[in-house]
>>> print(open('input05.cif').read())   # mmCIF, C-alpha atoms
data_entry
#
loop_
_atom_site.label_atom_id
_atom_site.label_comp_id
_atom_site.auth_asym_id
_atom_site.auth_seq_id
_atom_site.Cartn_x
_atom_site.Cartn_y
_atom_site.Cartn_z
CA MET A 1 0.00 0.00 0.00
CA SER A 2 1.64 3.20 -1.19
CA GLU A 3 -0.43 5.73 0.76
CA ILE A 4 -2.62 5.51 3.86
CA LYS A 5 -5.84 7.35 3.03
CA TYR A 6 -7.90 5.94 5.89
CA ILE A 7 -7.19 4.05 9.12
CA ASP A 8 -9.71 1.72 10.72
CA THR A 9 -8.52 2.12 14.30
CA HIS A 10 -10.47 -0.84 15.70
CA ALA A 11 -11.11 -3.94 13.59
CA HIS A 12 -11.31 -7.68 14.16
CA VAL A 13 -10.21 -9.32 10.92
CA ASN A 14 -8.25 -11.55 13.32
CA ILE A 15 -11.38 -13.41 14.47
CA ASN A 16 -13.40 -16.36 13.17
CA ALA A 17 -15.85 -14.24 11.14
CA PHE A 18 -13.07 -13.61 8.58
CA LYS A 19 -11.40 -17.03 8.64
CA ASP A 20 -12.42 -17.95 5.08
CA ASP A 21 -11.65 -14.69 3.26
CA TYR A 22 -9.39 -12.53 5.43
CA GLN A 23 -6.77 -12.26 2.68
CA ALA A 24 -9.30 -10.91 0.18
CA VAL A 25 -10.61 -8.40 2.72
CA ILE A 26 -7.12 -7.17 3.60
CA SER A 27 -6.21 -6.94 -0.09
CA LYS A 28 -9.33 -4.88 -0.88
CA CYS A 29 -8.40 -2.51 1.96
CA ALA A 30 -4.86 -2.15 0.64
CA ASP A 31 -6.19 -1.33 -2.83
CA GLU A 32 -8.38 1.40 -1.32
CA GLY A 33 -5.66 2.86 0.90
CA VAL A 34 -7.16 1.59 4.15
CA ALA A 35 -4.85 0.58 7.01
CA ILE A 36 -6.28 -1.86 9.56
CA VAL A 37 -5.61 -1.98 13.28
CA ASN A 38 -6.69 -5.46 14.38
CA VAL A 39 -7.48 -5.68 18.07
CA GLY A 40 -6.99 -8.75 20.23
CA THR A 41 -9.55 -9.91 22.78
CA GLN A 42 -7.55 -12.66 24.50
CA GLN A 43 -4.40 -14.70 23.88
CA ASP A 44 -5.52 -16.49 20.71
CA THR A 45 -6.97 -13.47 18.91
CA SER A 46 -4.09 -11.25 20.03
CA LYS A 47 -1.60 -13.70 18.56
CA ARG A 48 -3.65 -13.81 15.37
CA ALA A 49 -3.64 -10.01 15.14
CA VAL A 50 0.16 -10.07 15.26
CA GLU A 51 0.29 -12.79 12.59
CA LEU A 52 -1.84 -10.66 10.24
CA ALA A 53 0.35 -7.63 10.93
CA MET A 54 3.39 -9.64 9.91
CA GLU A 55 1.62 -10.93 6.81
CA ALA A 56 0.24 -7.65 5.43
CA ASP A 57 1.81 -4.21 5.10
CA ASN A 58 -1.49 -2.45 5.82
CA CYS A 59 -2.20 -4.33 9.08
CA PHE A 60 -1.19 -3.41 12.62
CA ALA A 61 -1.97 -5.14 15.91
CA ILE A 62 -3.19 -4.36 19.40
CA VAL A 63 -2.87 -7.11 21.99
CA GLY A 64 -4.70 -7.63 25.25
CA LEU A 65 -7.53 -9.17 27.22
CA HIS A 66 -11.14 -8.07 26.77
CA PRO A 67 -13.06 -7.75 30.05
CA VAL A 68 -15.69 -10.31 29.02
CA HIS A 69 -12.96 -12.94 28.80
CA THR A 70 -11.73 -12.46 32.36
CA SER A 71 -14.50 -14.67 33.77
CA ALA A 72 -17.36 -16.90 32.71
CA SER A 73 -19.33 -14.90 30.16
CA TYR A 74 -21.41 -15.28 27.04
CA HIS A 75 -19.86 -14.56 23.67
CA ASP A 76 -20.70 -15.29 20.06
CA GLU A 77 -19.43 -17.65 17.39
CA GLN A 78 -18.18 -14.81 15.15
CA GLU A 79 -15.21 -14.47 17.49
CA LEU A 80 -14.13 -18.00 18.30
CA GLY A 81 -15.99 -20.33 15.97
CA GLU A 82 -19.08 -22.47 15.53
CA ASN A 83 -18.00 -25.10 18.03
CA MET A 84 -18.02 -22.39 20.68
CA LYS A 85 -21.55 -21.19 19.92
CA GLY A 86 -22.97 -19.77 23.12
CA PHE A 87 -19.85 -20.92 24.90
CA THR A 88 -18.78 -19.98 28.40
CA SER A 89 -15.43 -18.22 28.37
CA ARG A 90 -12.53 -20.07 29.92
CA GLY A 91 -11.90 -17.06 32.13
CA GLU A 92 -8.41 -16.03 31.11
CA LYS A 93 -6.15 -14.55 33.76
CA PHE A 94 -4.04 -11.78 32.32
CA ASP A 95 -0.53 -13.09 31.67
CA ALA A 96 1.76 -10.08 31.30
CA ALA A 97 4.67 -12.23 30.14
CA TYR A 98 2.63 -13.68 27.26
CA TYR A 99 1.55 -10.26 26.01
CA ARG A 100 4.97 -8.75 26.59
CA GLU A 101 6.37 -11.34 24.19
CA LEU A 102 3.81 -10.42 21.53
CA VAL A 103 4.72 -6.76 21.90
CA ARG A 104 8.24 -7.54 20.75
CA ASN A 105 6.79 -7.33 17.24
CA GLU A 106 7.27 -3.75 16.03
CA LYS A 107 3.81 -3.65 14.45
CA VAL A 108 2.07 -3.99 17.81
CA VAL A 109 0.89 -0.44 18.46
CA ALA A 110 -1.09 -0.61 21.72
CA ILE A 111 -2.37 -2.72 24.62
CA GLY A 112 -6.05 -3.77 24.71
CA GLU A 113 -8.83 -3.96 24.26
CA CYS A 114 -9.04 -3.72 28.00
CA GLY A 115 -11.49 -2.01 30.29
CA LEU A 116 -14.87 -2.63 31.87
CA ASP A 117 -17.95 -4.36 30.48
CA TYR A 118 -21.12 -4.12 32.57
CA TYR A 119 -23.49 -5.49 29.94
CA ARG A 120 -23.83 -8.99 31.36
CA LEU A 121 -21.87 -8.33 34.51
CA GLN A 122 -22.39 -10.35 37.65
CA THR A 123 -21.41 -8.85 40.99
CA ASP A 124 -18.51 -11.23 41.58
CA THR A 125 -16.90 -10.50 38.19
CA LYS A 126 -16.46 -6.75 38.64
CA ALA A 127 -13.34 -7.11 40.77
CA VAL A 128 -11.83 -9.58 38.28
CA GLN A 129 -12.38 -7.15 35.41
CA GLU A 130 -10.78 -4.31 37.35
CA GLU A 131 -7.75 -6.43 38.25
CA ALA A 132 -7.12 -7.35 34.60
CA PHE A 133 -7.71 -3.74 33.52
CA VAL A 134 -5.18 -2.31 35.95
CA ALA A 135 -2.65 -5.03 35.06
CA GLN A 136 -2.87 -4.05 31.39
CA ILE A 137 -2.55 -0.36 32.19
CA GLU A 138 0.61 -1.17 34.14
CA LEU A 139 2.00 -3.16 31.19
CA ALA A 140 1.25 -0.26 28.84
CA ASN A 141 2.97 2.11 31.27
CA GLU A 142 6.00 -0.18 31.38
CA LEU A 143 6.24 -0.47 27.59
CA GLY A 144 5.28 3.10 26.76
CA LEU A 145 2.38 1.97 24.59
CA PRO A 146 -1.06 3.57 24.37
CA LEU A 147 -4.22 1.78 25.55
CA MET A 148 -7.27 0.63 23.61
CA ILE A 149 -10.18 0.95 26.01
CA HIS A 150 -13.40 -1.08 25.95
CA THR A 151 -16.42 0.34 27.80
CA ARG A 152 -19.97 -1.01 27.77
CA ASP A 153 -22.69 -0.08 30.19
CA ALA A 154 -25.20 -2.31 31.97
CA LYS A 155 -27.90 -3.95 29.85
CA GLY A 156 -30.53 -1.36 29.09
CA ASN A 157 -28.41 1.20 31.00
CA SER A 158 -31.07 1.10 33.69
CA ALA A 159 -30.44 2.14 37.27
CA SER A 160 -31.96 -1.13 38.47
CA ALA A 161 -29.62 -3.19 36.26
CA LYS A 162 -26.61 -1.33 37.60
CA ALA A 163 -27.79 -1.59 41.19
CA GLU A 164 -28.32 -5.33 40.79
CA ALA A 165 -24.75 -5.73 39.50
CA GLY A 166 -23.34 -3.36 42.09
CA VAL A 167 -21.85 -0.92 39.56
CA GLY A 168 -22.11 2.75 38.63
CA ASN A 169 -21.72 4.32 35.21
CA VAL A 170 -19.08 2.45 33.20
CA TYR A 171 -17.57 5.63 31.73
CA ASP A 172 -17.20 7.26 35.13
CA ASP A 173 -15.65 4.08 36.57
CA THR A 174 -13.30 3.73 33.60
CA TYR A 175 -12.21 7.34 33.88
CA GLU A 176 -11.37 6.99 37.58
CA ILE A 177 -9.22 3.91 36.95
CA LEU A 178 -7.37 5.58 34.07
CA LYS A 179 -6.87 8.80 35.98
CA THR A 180 -5.41 6.85 38.90
CA HIS A 181 -3.20 4.39 37.03
CA ALA A 182 -2.47 5.40 33.42
CA LYS A 183 0.75 7.17 32.53
CA VAL A 184 0.18 6.74 28.79
CA PRO A 185 -2.52 8.03 26.45
CA GLY A 186 -5.11 5.88 24.73
CA ASN A 187 -8.46 5.68 23.01
CA VAL A 188 -11.94 4.93 24.33
CA HIS A 189 -13.35 2.93 21.46
CA PHE A 190 -16.99 2.71 20.30
CA TYR A 191 -17.72 5.80 22.34
CA ALA A 192 -21.29 6.01 23.65
CA GLY A 193 -20.88 8.24 26.69
CA THR A 194 -21.92 11.85 27.22
CA TRP A 195 -20.16 15.02 26.10
CA GLU A 196 -19.29 15.81 29.72
CA GLN A 197 -17.65 12.40 30.14
CA ALA A 198 -15.78 12.78 26.85
CA ARG A 199 -14.30 16.07 28.04
CA LYS A 200 -12.91 14.32 31.12
CA PHE A 201 -11.19 11.72 28.93
CA PHE A 202 -9.72 14.46 26.73
CA ASP A 203 -8.36 16.16 29.83
CA ILE A 204 -6.24 13.10 30.69
CA GLY A 205 -5.02 12.61 27.11
CA PHE A 206 -7.50 9.99 25.91
CA THR A 207 -9.22 10.20 22.54
CA VAL A 208 -12.59 8.68 21.57
CA SER A 209 -13.62 6.83 18.43
CA PHE A 210 -16.88 6.31 16.59
CA THR A 211 -18.26 3.38 14.60
CA GLY A 212 -20.80 2.95 11.82
CA VAL A 213 -23.53 3.45 14.42
CA ILE A 214 -23.26 7.20 13.85
CA THR A 215 -24.51 6.68 10.27
CA PHE A 216 -27.93 5.52 11.50
CA ALA A 217 -28.30 6.79 15.08
CA LYS A 218 -28.24 10.39 16.31
CA ASP A 219 -27.38 9.65 19.96
CA TYR A 220 -23.70 10.53 19.57
CA GLU A 221 -23.91 13.64 17.41
CA GLU A 222 -23.29 16.10 20.27
CA VAL A 223 -19.93 14.49 21.01
CA VAL A 224 -19.00 14.15 17.33
CA ARG A 225 -19.84 17.80 16.74
CA SER A 226 -18.31 19.22 19.92
CA ALA A 227 -15.08 17.25 20.30
CA PRO A 228 -11.78 18.76 19.12
CA LEU A 229 -11.13 17.27 15.69
CA SER A 230 -7.66 16.31 16.89
CA MET A 231 -9.10 14.03 19.61
CA ILE A 232 -11.34 11.66 17.64
CA HIS A 233 -10.98 8.59 15.41
CA ALA A 234 -13.08 6.49 13.05
CA GLU A 235 -13.44 2.71 13.35
CA THR A 236 -15.66 -0.15 12.22
CA ASP A 237 -15.38 -2.67 15.08
CA CYS A 238 -15.91 -5.13 12.23
CA PRO A 239 -17.51 -7.60 11.77
CA TYR A 240 -20.11 -5.74 13.83
CA VAL A 241 -22.31 -2.65 13.14
CA ALA A 242 -21.84 -2.10 9.42
CA PRO A 243 -22.48 1.54 8.47
CA VAL A 244 -25.14 2.82 6.09
CA PRO A 245 -25.37 1.89 3.20
CA TYR A 246 -24.13 -1.58 4.18
CA ARG A 247 -26.51 -2.27 7.07
CA GLY A 248 -27.27 -5.96 7.48
CA GLN A 249 -23.97 -7.03 5.92
CA ARG A 250 -20.80 -8.13 7.65
CA SER A 251 -18.86 -4.98 8.44
CA GLU A 252 -15.39 -4.77 6.85
CA PRO A 253 -12.54 -2.29 7.44
CA TRP A 254 -12.84 -0.51 4.07
CA MET A 255 -16.33 0.59 5.16
CA VAL A 256 -14.66 2.96 7.64
CA LYS A 257 -14.75 5.51 4.81
CA GLU A 258 -18.47 5.94 5.53
CA VAL A 259 -17.69 6.77 9.17
CA TYR A 260 -15.16 9.41 8.09
CA LYS A 261 -17.75 10.86 5.74
CA LYS A 262 -20.46 10.96 8.42
CA ILE A 263 -18.17 12.64 10.96
CA ALA A 264 -17.51 15.42 8.44
CA GLU A 265 -21.22 15.73 7.70
CA ILE A 266 -22.21 15.97 11.37
CA ARG A 267 -19.51 18.57 12.04
CA GLY A 268 -20.33 20.53 8.89
CA GLU A 269 -16.67 20.45 7.85
CA ASP A 270 -14.83 19.69 4.64
CA GLU A 271 -14.61 15.93 4.14
CA GLU A 272 -11.00 16.02 2.96
CA VAL A 273 -9.91 18.14 5.92
CA VAL A 274 -11.59 15.71 8.32
CA ARG A 275 -10.13 12.68 6.55
CA ALA A 276 -6.60 14.03 6.71
CA GLN A 277 -6.89 15.03 10.37
CA LEU A 278 -8.33 11.69 11.49
CA VAL A 279 -5.50 9.84 9.75
CA GLU A 280 -3.01 12.14 11.44
CA ASN A 281 -4.68 11.53 14.82
CA SER A 282 -4.29 7.78 14.43
CA LYS A 283 -0.71 8.02 13.22
CA ARG A 284 0.14 10.20 16.20
CA LEU A 285 -1.43 7.95 18.83
CA TYR A 286 -0.29 4.61 17.43
CA ARG A 287 2.97 5.79 15.81
CA ILE A 288 1.95 4.36 12.47
#
>>> encode(input="input05.cif", output="C-alpha cells")
Amino acid sequence: MSEIKYIDTHAHVNINAFKDDYQAVISKCADEGVAIVNVGTQQDTSKRAVELAMEADNCFAIVGLHPVHTSASYHDEQELGENMKGFTSRGEKFDAAYYRELVRNEKVVAIGECGLDYYRLQTDTKAVQEEAFVAQIELANELGLPLMIHTRDAKGNSASAKAEAGVGNVYDDTYEILKTHAKVPGNVHFYAGTWEQARKFFDIGFTVSFTGVITFAKDYEEVVRSAPLSMIHAETDCPYVAPVPYRGQRSEPWMVKEVYKKIAEIRGEDEEVVRAQLVENSKRLYRI
C-alpha cells in the first residue's frame, strides 16, 4: 500500500468471522488505501492479530484481554468459531509475560482492548475485570504503549440493572481507573458516553472513536460535533455494526470511509480536511 488514506482504528479481521476470506478483505483494503488496526480480545486473537500484521503491510496489531474474557461470560461464534456457539469463556487470567512477548513485534501499536464491560456483569466478576484492567494499564505504562479501552454499560443502561450488579456508570468508573493508574494516552473505542464524560477523557489525554452506528443513530452527534477534531478517530469494530449503506452485511474495514464521511457531515466540515486530520490523529497515537 503506497499511501494511507484511511485508518480503521479498531477492527477484528483476526477473528473467526473472517477465517475464510481474510486475505481478500485485507487486499481490498490495501487497494483502497485503508490501514487496519486489528485488536486482540484474548491470547488467541491477540496472537492472530500479530500474525496478520506480519503478513500484510497495511495491518497493525493491538494485543490484550477483553473484560468479558476475564471470567465466565457469554460470547458469540463470530469471534471463536461455531464449536463455541454460546460458549462460556474459559476465564483467562491476564498473563503479562505472554503479552509482553507479543509486543516484541514492532507492528504492535497498543495494549487492549481492555477495560470494563457491565453489559452482562455479575457482581462477583467486577473485581476480576478491574484487576485485569489495571494489570494491562501497568503493562502499557512499562512499555510506553497507548491503551485501547473497551467500555460497555449495563444492559438497558437502567439504574436497576446497575444496582443489581453493584456498579455505577461504566464511563465514570473507567475514567477513575485511568486517571489513577495510566501514565500513557489511549483511546476509548466505540464511544457512547456523554459530552461531559468525553471532556474528562480528553483532559487526561484519551481520545474517543466512533463506529458505523453514527450513520444511522443520532445519539452521539453532540460528542461528534463538539469534540476537538484532533481528539477523535473512526473505526468499524468489524464484523459488527456495518455503516449505512451496508446495514445488514458483515462490516469490513474498508467501510470505515463511511464513518469518516459521516463525521464530516455531522460537524459541517470539509470531508477532505476531516479525513486528513483523522488519519493524522491515528498516526500520532499509534505511531503508524
>>> residues_around(input="input05.cif", residues="A:Arg267", least_positions_apart="6", cutoff="12 Å", atoms="only C-alpha atoms", output="ChimeraX atom specification")
/A:220-229,260-261,273-274
>>> atom_distance(input="input05.cif", atom1="atom CA of A:Ile15", atom2="atom CA of A:Val103")
18.9 Å
>>> residues_around(input="input05.cif", residues="A:Asn281", least_positions_apart="2", cutoff="8 Å", atoms="all atoms listed in the file", output="ChimeraX atom specification")
/A:230-233,277-279,283-285
>>> closest_residue(input="input05.cif", among="A:Ala17, A:Cys59, A:Cys114, A:Ile4", to="A:Gly33", atoms="only C-alpha atoms")
A:Ile4
>>> resolve_selection(input="input05.cif", expression="the PyMOL selection byres ((chain A and resi 95) around 10)", output="VMD selection string")
chain A and resid 43 64 to 65 92 to 94 96 to 100 132 135 to 136
>>> write_last_selection(input="input05.cif", atoms="C-alpha atoms", output="PDB file, keeping the file's coordinate frame")
ATOM      1  CA  GLN A  43      -4.400 -14.700  23.880  1.00  0.00           C
ATOM      2  CA  GLY A  64      -4.700  -7.630  25.250  1.00  0.00           C
ATOM      3  CA  LEU A  65      -7.530  -9.170  27.220  1.00  0.00           C
ATOM      4  CA  GLU A  92      -8.410 -16.030  31.110  1.00  0.00           C
ATOM      5  CA  LYS A  93      -6.150 -14.550  33.760  1.00  0.00           C
ATOM      6  CA  PHE A  94      -4.040 -11.780  32.320  1.00  0.00           C
ATOM      7  CA  ALA A  96       1.760 -10.080  31.300  1.00  0.00           C
ATOM      8  CA  ALA A  97       4.670 -12.230  30.140  1.00  0.00           C
ATOM      9  CA  TYR A  98       2.630 -13.680  27.260  1.00  0.00           C
ATOM     10  CA  TYR A  99       1.550 -10.260  26.010  1.00  0.00           C
ATOM     11  CA  ARG A 100       4.970  -8.750  26.590  1.00  0.00           C
ATOM     12  CA  ALA A 132      -7.120  -7.350  34.600  1.00  0.00           C
ATOM     13  CA  ALA A 135      -2.650  -5.030  35.060  1.00  0.00           C
ATOM     14  CA  GLN A 136      -2.870  -4.050  31.390  1.00  0.00           C
TER      15      GLN A 136
END
>>> closest_residue(input="input05.cif", among="A:Asp203, A:Glu196, A:Glu55, A:Glu130", to="A:Lys179", atoms="only C-alpha atoms")
A:Asp203
>>> closest_atom_pairs(input="input05.cif", of="stretch 32-55 of chain A", to="stretch 23-27 of chain A", cutoff="9 Å", atoms="only C-alpha atoms", output="JSON lines")
{"residue": "A:Glu32", "atom": "CA", "partner": "A:Ser27", "partner_atom": "CA", "distance": 8.7}
{"residue": "A:Val34", "atom": "CA", "partner": "A:Ile26", "partner_atom": "CA", "distance": 8.8}
{"residue": "A:Ala35", "atom": "CA", "partner": "A:Ile26", "partner_atom": "CA", "distance": 8.8}
{"residue": "A:Ile36", "atom": "CA", "partner": "A:Ile26", "partner_atom": "CA", "distance": 8.0}
>>> atom_distance(input="input05.cif", atom1="atom CA of A:Val170", atom2="atom CA of A:Pro239")
23.7 Å
>>> atom_distance(input="input05.cif", atom1="atom CA of A:Lys257", atom2="atom CA of A:Asn105")
28.0 Å
>>> resolve_selection(input="input05.cif", expression="the PyMOL selection byres ((chain A and resi 189) around 12)", output="short mmCIF file (atom, residue, chain, number, x, y, z; two decimals) with C-alpha atoms, keeping the file's coordinate frame")
data_model
loop_
_atom_site.label_atom_id
_atom_site.label_comp_id
_atom_site.auth_asym_id
_atom_site.auth_seq_id
_atom_site.Cartn_x
_atom_site.Cartn_y
_atom_site.Cartn_z
CA ASP A 8 -9.71 1.72 10.72
CA THR A 9 -8.52 2.12 14.30
CA HIS A 10 -10.47 -0.84 15.70
CA ALA A 11 -11.11 -3.94 13.59
CA VAL A 39 -7.48 -5.68 18.07
CA GLY A 112 -6.05 -3.77 24.71
CA GLU A 113 -8.83 -3.96 24.26
CA CYS A 114 -9.04 -3.72 28.00
CA GLY A 115 -11.49 -2.01 30.29
CA LEU A 116 -14.87 -2.63 31.87
CA LEU A 147 -4.22 1.78 25.55
CA MET A 148 -7.27 0.63 23.61
CA ILE A 149 -10.18 0.95 26.01
CA HIS A 150 -13.40 -1.08 25.95
CA THR A 151 -16.42 0.34 27.80
CA ARG A 152 -19.97 -1.01 27.77
CA TYR A 171 -17.57 5.63 31.73
CA GLY A 186 -5.11 5.88 24.73
CA ASN A 187 -8.46 5.68 23.01
CA VAL A 188 -11.94 4.93 24.33
CA PHE A 190 -16.99 2.71 20.30
CA TYR A 191 -17.72 5.80 22.34
CA ALA A 192 -21.29 6.01 23.65
CA GLY A 193 -20.88 8.24 26.69
CA ALA A 198 -15.78 12.78 26.85
CA PHE A 201 -11.19 11.72 28.93
CA PHE A 206 -7.50 9.99 25.91
CA THR A 207 -9.22 10.20 22.54
CA VAL A 208 -12.59 8.68 21.57
CA SER A 209 -13.62 6.83 18.43
CA PHE A 210 -16.88 6.31 16.59
CA THR A 211 -18.26 3.38 14.60
CA ILE A 232 -11.34 11.66 17.64
CA HIS A 233 -10.98 8.59 15.41
CA ALA A 234 -13.08 6.49 13.05
CA GLU A 235 -13.44 2.71 13.35
CA THR A 236 -15.66 -0.15 12.22
CA ASP A 237 -15.38 -2.67 15.08
#
>>> closest_residue(input="input05.cif", among="A:Asp124, A:Glu3, A:Glu269, A:Glu142", to="A:Ser71", atoms="all atoms listed in the file")
A:Asp124
>>> residues_around(input="input05.cif", residues="A:Lys126", least_positions_apart="4", cutoff="12 Å", atoms="all atoms listed in the file", output="mmCIF file with C-alpha atoms, in the coordinates of the input")
data_model
loop_
_atom_site.group_PDB
_atom_site.id
_atom_site.type_symbol
_atom_site.label_atom_id
_atom_site.label_comp_id
_atom_site.auth_asym_id
_atom_site.auth_seq_id
_atom_site.Cartn_x
_atom_site.Cartn_y
_atom_site.Cartn_z
ATOM 1 C CA PRO A 67 -13.060 -7.750 30.050
ATOM 2 C CA VAL A 68 -15.690 -10.310 29.020
ATOM 3 C CA THR A 70 -11.730 -12.460 32.360
ATOM 4 C CA SER A 71 -14.500 -14.670 33.770
ATOM 5 C CA ALA A 72 -17.360 -16.900 32.710
ATOM 6 C CA GLY A 115 -11.490 -2.010 30.290
ATOM 7 C CA LEU A 116 -14.870 -2.630 31.870
ATOM 8 C CA ASP A 117 -17.950 -4.360 30.480
ATOM 9 C CA TYR A 118 -21.120 -4.120 32.570
ATOM 10 C CA TYR A 119 -23.490 -5.490 29.940
ATOM 11 C CA ARG A 120 -23.830 -8.990 31.360
ATOM 12 C CA LEU A 121 -21.870 -8.330 34.510
ATOM 13 C CA GLN A 122 -22.390 -10.350 37.650
ATOM 14 C CA GLU A 130 -10.780 -4.310 37.350
ATOM 15 C CA GLU A 131 -7.750 -6.430 38.250
ATOM 16 C CA ALA A 132 -7.120 -7.350 34.600
ATOM 17 C CA PHE A 133 -7.710 -3.740 33.520
ATOM 18 C CA ALA A 154 -25.200 -2.310 31.970
ATOM 19 C CA LYS A 162 -26.610 -1.330 37.600
ATOM 20 C CA ALA A 165 -24.750 -5.730 39.500
ATOM 21 C CA GLY A 166 -23.340 -3.360 42.090
ATOM 22 C CA VAL A 167 -21.850 -0.920 39.560
ATOM 23 C CA GLY A 168 -22.110 2.750 38.630
ATOM 24 C CA VAL A 170 -19.080 2.450 33.200
ATOM 25 C CA ASP A 173 -15.650 4.080 36.570
#
>>> closest_residue(input="input05.cif", among="A:His12, A:Lys5, A:Arg199, A:Lys28", to="A:Tyr240", atoms="all atoms listed in the file")
A:His12
>>> closest_residue(input="input05.cif", among="A:Lys47, A:Val13, A:Val108, A:Ile288", to="A:Ser251", atoms="all atoms listed in the file")
A:Val13
>>> closest_residue(input="input05.cif", among="A:Trp195, A:Phe216, A:Tyr175, A:Trp254", to="A:Cys238", atoms="only C-alpha atoms")
A:Trp254
